[in-house]
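Have a look at the structure below before the remarks.
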Amino acid sequence: MLAARWAFRGADRLGPKVRLWGRAFVRNDGTMHIGDRCRLTGTITPLQIVAGNGGTLEIGEQVAINYGTSIAASMLVRIGARSRMGTYCLLMDNNFHHLEPERRNERPPSRPIILEEDVWLGARVIVLPGVHIGAGSVIGAGSVVTRDIPPRTLAAGLPAKVIREI
């Protein structure tokens, strides 16, 4: 618990019994709320958890985040209670540049990422800006989530598509 208290010392709210194994790079230039009994693992590769200038990062109770995961909130990233993330997941609510060569120095607007309760992201899942994943959903390993996923569904692929209901 001491490692978590130290790493998240800049958080606006840190629930009791948050655990951190290994290392984490944490920066809070916005608002950061970490729920009770979260389990964060940065043993093989450190976690990167950032609430950018004016951004809000909300991690619910009993969330488990595995090593190598990067979460960046420029506007809003909300992770619901009891959600799980495999290794090397990536959640960023901003692309940080436009595609057009003449606009690559401009920062596009952020769009919120919302994971409802009991969402499970497999290893190396990428969640793009503006995505809402419904409660109880599972995203298969290596998927890129480009659009909303309904509650209680299994989705996988590049881009992630609903495979079946759970």
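We name chains A, B, ... following the order of the structure tokens; residues begin at 1 in each chain, and ligands are numbered from 1 as shown.
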
**Those in chain A with strand (DSSP E) from DSSP, as an NGL selection string** = :A and (13-14 or 19-28 or 31-34 or 39-51 or 56-59 or 64-65 or 70-73 or 76-79 or 84-85 or 90-92 or 113-115 or 120-121 or 126-127 or 132-133 or 138-139 or 144-145 or 153-156 or 161-165)

Print the selection's residues with C-alpha atoms to a file, as a PDB file, in the first residue's frame.
```
ATOM      1  CA  ARG A  13      -8.603  11.060  -4.357  1.00  0.00           C
ATOM      2  CA  LEU A  14      -6.946   7.736  -3.600  1.00  0.00           C
ATOM      3  CA  ARG A  19      -2.043  -1.759  -4.211  1.00  0.00           C
ATOM      4  CA  LEU A  20       0.870  -1.156  -6.596  1.00  0.00           C
ATOM      5  CA  TRP A  21       3.404  -3.854  -7.389  1.00  0.00           C
ATOM      6  CA  GLY A  22       6.421  -2.608  -9.324  1.00  0.00           C
ATOM      7  CA  ARG A  23       6.723   0.840 -10.863  1.00  0.00           C
ATOM      8  CA  ALA A  24       4.338   3.416 -12.264  1.00  0.00           C
ATOM      9  CA  PHE A  25       4.828   6.744 -13.991  1.00  0.00           C
ATOM     10  CA  VAL A  26       1.996   8.919 -12.668  1.00  0.00           C
ATOM     11  CA  ARG A  27       1.338  12.562 -13.564  1.00  0.00           C
ATOM     12  CA  ASN A  28      -1.688  14.548 -12.507  1.00  0.00           C
ATOM     13  CA  THR A  31      -8.190  15.542 -11.801  1.00  0.00           C
ATOM     14  CA  MET A  32      -7.386  11.968 -10.773  1.00  0.00           C
ATOM     15  CA  HIS A  33      -9.632   9.674  -8.716  1.00  0.00           C
ATOM     16  CA  ILE A  34      -8.518   6.124  -7.875  1.00  0.00           C
ATOM     17  CA  ARG A  39      -4.648  -3.522  -8.032  1.00  0.00           C
ATOM     18  CA  LEU A  40      -1.966  -2.031 -10.265  1.00  0.00           C
ATOM     19  CA  THR A  41       0.950  -4.076 -11.556  1.00  0.00           C
ATOM     20  CA  GLY A  42       4.072  -2.496 -13.046  1.00  0.00           C
ATOM     21  CA  THR A  43       6.534  -5.315 -12.415  1.00  0.00           C
ATOM     22  CA  ILE A  44       7.870  -6.083 -15.908  1.00  0.00           C
ATOM     23  CA  THR A  45       7.115  -2.749 -17.570  1.00  0.00           C
ATOM     24  CA  PRO A  46       5.988   0.339 -15.627  1.00  0.00           C
ATOM     25  CA  LEU A  47       2.444   1.638 -15.873  1.00  0.00           C
ATOM     26  CA  GLN A  48       1.898   5.084 -17.377  1.00  0.00           C
ATOM     27  CA  ILE A  49      -1.070   6.909 -15.886  1.00  0.00           C
ATOM     28  CA  VAL A  50      -1.571  10.560 -16.810  1.00  0.00           C
ATOM     29  CA  ALA A  51      -4.319  13.111 -16.267  1.00  0.00           C
ATOM     30  CA  THR A  56     -10.100  13.845 -15.672  1.00  0.00           C
ATOM     31  CA  LEU A  57      -9.112  10.261 -14.954  1.00  0.00           C
ATOM     32  CA  GLU A  58     -11.541   8.191 -12.894  1.00  0.00           C
ATOM     33  CA  ILE A  59     -10.700   4.613 -11.949  1.00  0.00           C
ATOM     34  CA  ALA A  64      -7.059  -4.374 -11.969  1.00  0.00           C
ATOM     35  CA  ILE A  65      -4.525  -2.855 -14.371  1.00  0.00           C
ATOM     36  CA  SER A  70      -0.770   3.398 -20.688  1.00  0.00           C
ATOM     37  CA  ILE A  71      -3.735   5.599 -19.813  1.00  0.00           C
ATOM     38  CA  ALA A  72      -3.807   9.280 -20.795  1.00  0.00           C
ATOM     39  CA  ALA A  73      -6.749  11.574 -20.073  1.00  0.00           C
ATOM     40  CA  LEU A  76     -12.040  12.231 -19.653  1.00  0.00           C
ATOM     41  CA  VAL A  77     -11.158   8.588 -19.194  1.00  0.00           C
ATOM     42  CA  ARG A  78     -13.540   6.720 -16.879  1.00  0.00           C
ATOM     43  CA  ILE A  79     -12.928   3.084 -15.941  1.00  0.00           C
ATOM     44  CA  ARG A  84      -9.780  -5.650 -15.740  1.00  0.00           C
ATOM     45  CA  MET A  85      -7.009  -4.751 -18.173  1.00  0.00           C
ATOM     46  CA  LEU A  90      -3.559   1.653 -24.396  1.00  0.00           C
ATOM     47  CA  LEU A  91      -6.331   4.140 -23.592  1.00  0.00           C
ATOM     48  CA  MET A  92      -5.877   7.730 -24.790  1.00  0.00           C
ATOM     49  CA  ILE A 113     -13.389   7.126 -23.207  1.00  0.00           C
ATOM     50  CA  ILE A 114     -15.901   5.399 -20.947  1.00  0.00           C
ATOM     51  CA  LEU A 115     -15.565   1.816 -19.729  1.00  0.00           C
ATOM     52  CA  TRP A 120     -12.429  -6.904 -19.393  1.00  0.00           C
ATOM     53  CA  LEU A 121      -9.762  -5.805 -21.874  1.00  0.00           C
ATOM     54  CA  ILE A 126      -6.160  -0.253 -27.887  1.00  0.00           C
ATOM     55  CA  VAL A 127      -9.192   1.917 -27.122  1.00  0.00           C
ATOM     56  CA  HIS A 132     -17.950   3.799 -24.850  1.00  0.00           C
ATOM     57  CA  ILE A 133     -17.731   0.127 -23.792  1.00  0.00           C
ATOM     58  CA  VAL A 138     -15.069  -8.460 -22.999  1.00  0.00           C
ATOM     59  CA  ILE A 139     -12.610  -7.215 -25.625  1.00  0.00           C
ATOM     60  CA  VAL A 144      -8.451  -2.027 -31.632  1.00  0.00           C
ATOM     61  CA  VAL A 145     -11.739  -0.572 -30.401  1.00  0.00           C
ATOM     62  CA  THR A 153     -20.887  -8.589 -25.528  1.00  0.00           C
ATOM     63  CA  LEU A 154     -17.675 -10.202 -26.709  1.00  0.00           C
ATOM     64  CA  ALA A 155     -15.845  -8.099 -29.291  1.00  0.00           C
ATOM     65  CA  ALA A 156     -12.524  -8.699 -31.016  1.00  0.00           C
ATOM     66  CA  LYS A 161     -16.496  -6.129 -33.949  1.00  0.00           C
ATOM     67  CA  VAL A 162     -19.151  -7.727 -31.802  1.00  0.00           C
ATOM     68  CA  ILE A 163     -18.814 -11.508 -32.001  1.00  0.00           C
ATOM     69  CA  ARG A 164     -21.622 -12.542 -29.663  1.00  0.00           C
ATOM     70  CA  GLU A 165     -23.608 -11.627 -26.587  1.00  0.00           C
TER      71      GLU A 165
END
```

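Using only C-alpha atoms, the protein and nucleic acid residues lying no more than 9 Å from Val18 of chain A, apart from those fewer than 5 places from it along its own chain, are Met1, Ala4, Arg5, Ile34, Gly35, Asp36, Arg37, Cys38, Arg39, Leu40 and Gln62 of chain A.
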
**Item:** Coordinates-based distance that separates atom CA of Pro129 of chain A from atom CA of Arg104 of chain A (Å, one decimal)
**Value:**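 That distance, rounded to one decimal, is 17.2 Å.
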
**Message:** Which residue is closest to Phe96 of chain A? Choose from A:Gly52, A:Pro16, A:Gly80, A:Gly140 and count only C-alpha atoms.
**Reply:**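 Between A:Gly52, A:Pro16, A:Gly80, A:Gly140, the residue approaching Phe96 of chain A most closely is A:Gly52.
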
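For the pair atom CA of Tyr88 of chain A and atom CA of Glu100 of chain A, the interatomic distance is 27.9 Å.
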
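Picture a line from atom CA of Asp12 of chain A to atom CA of Gly55 of chain A; it runs 12.3 Å.
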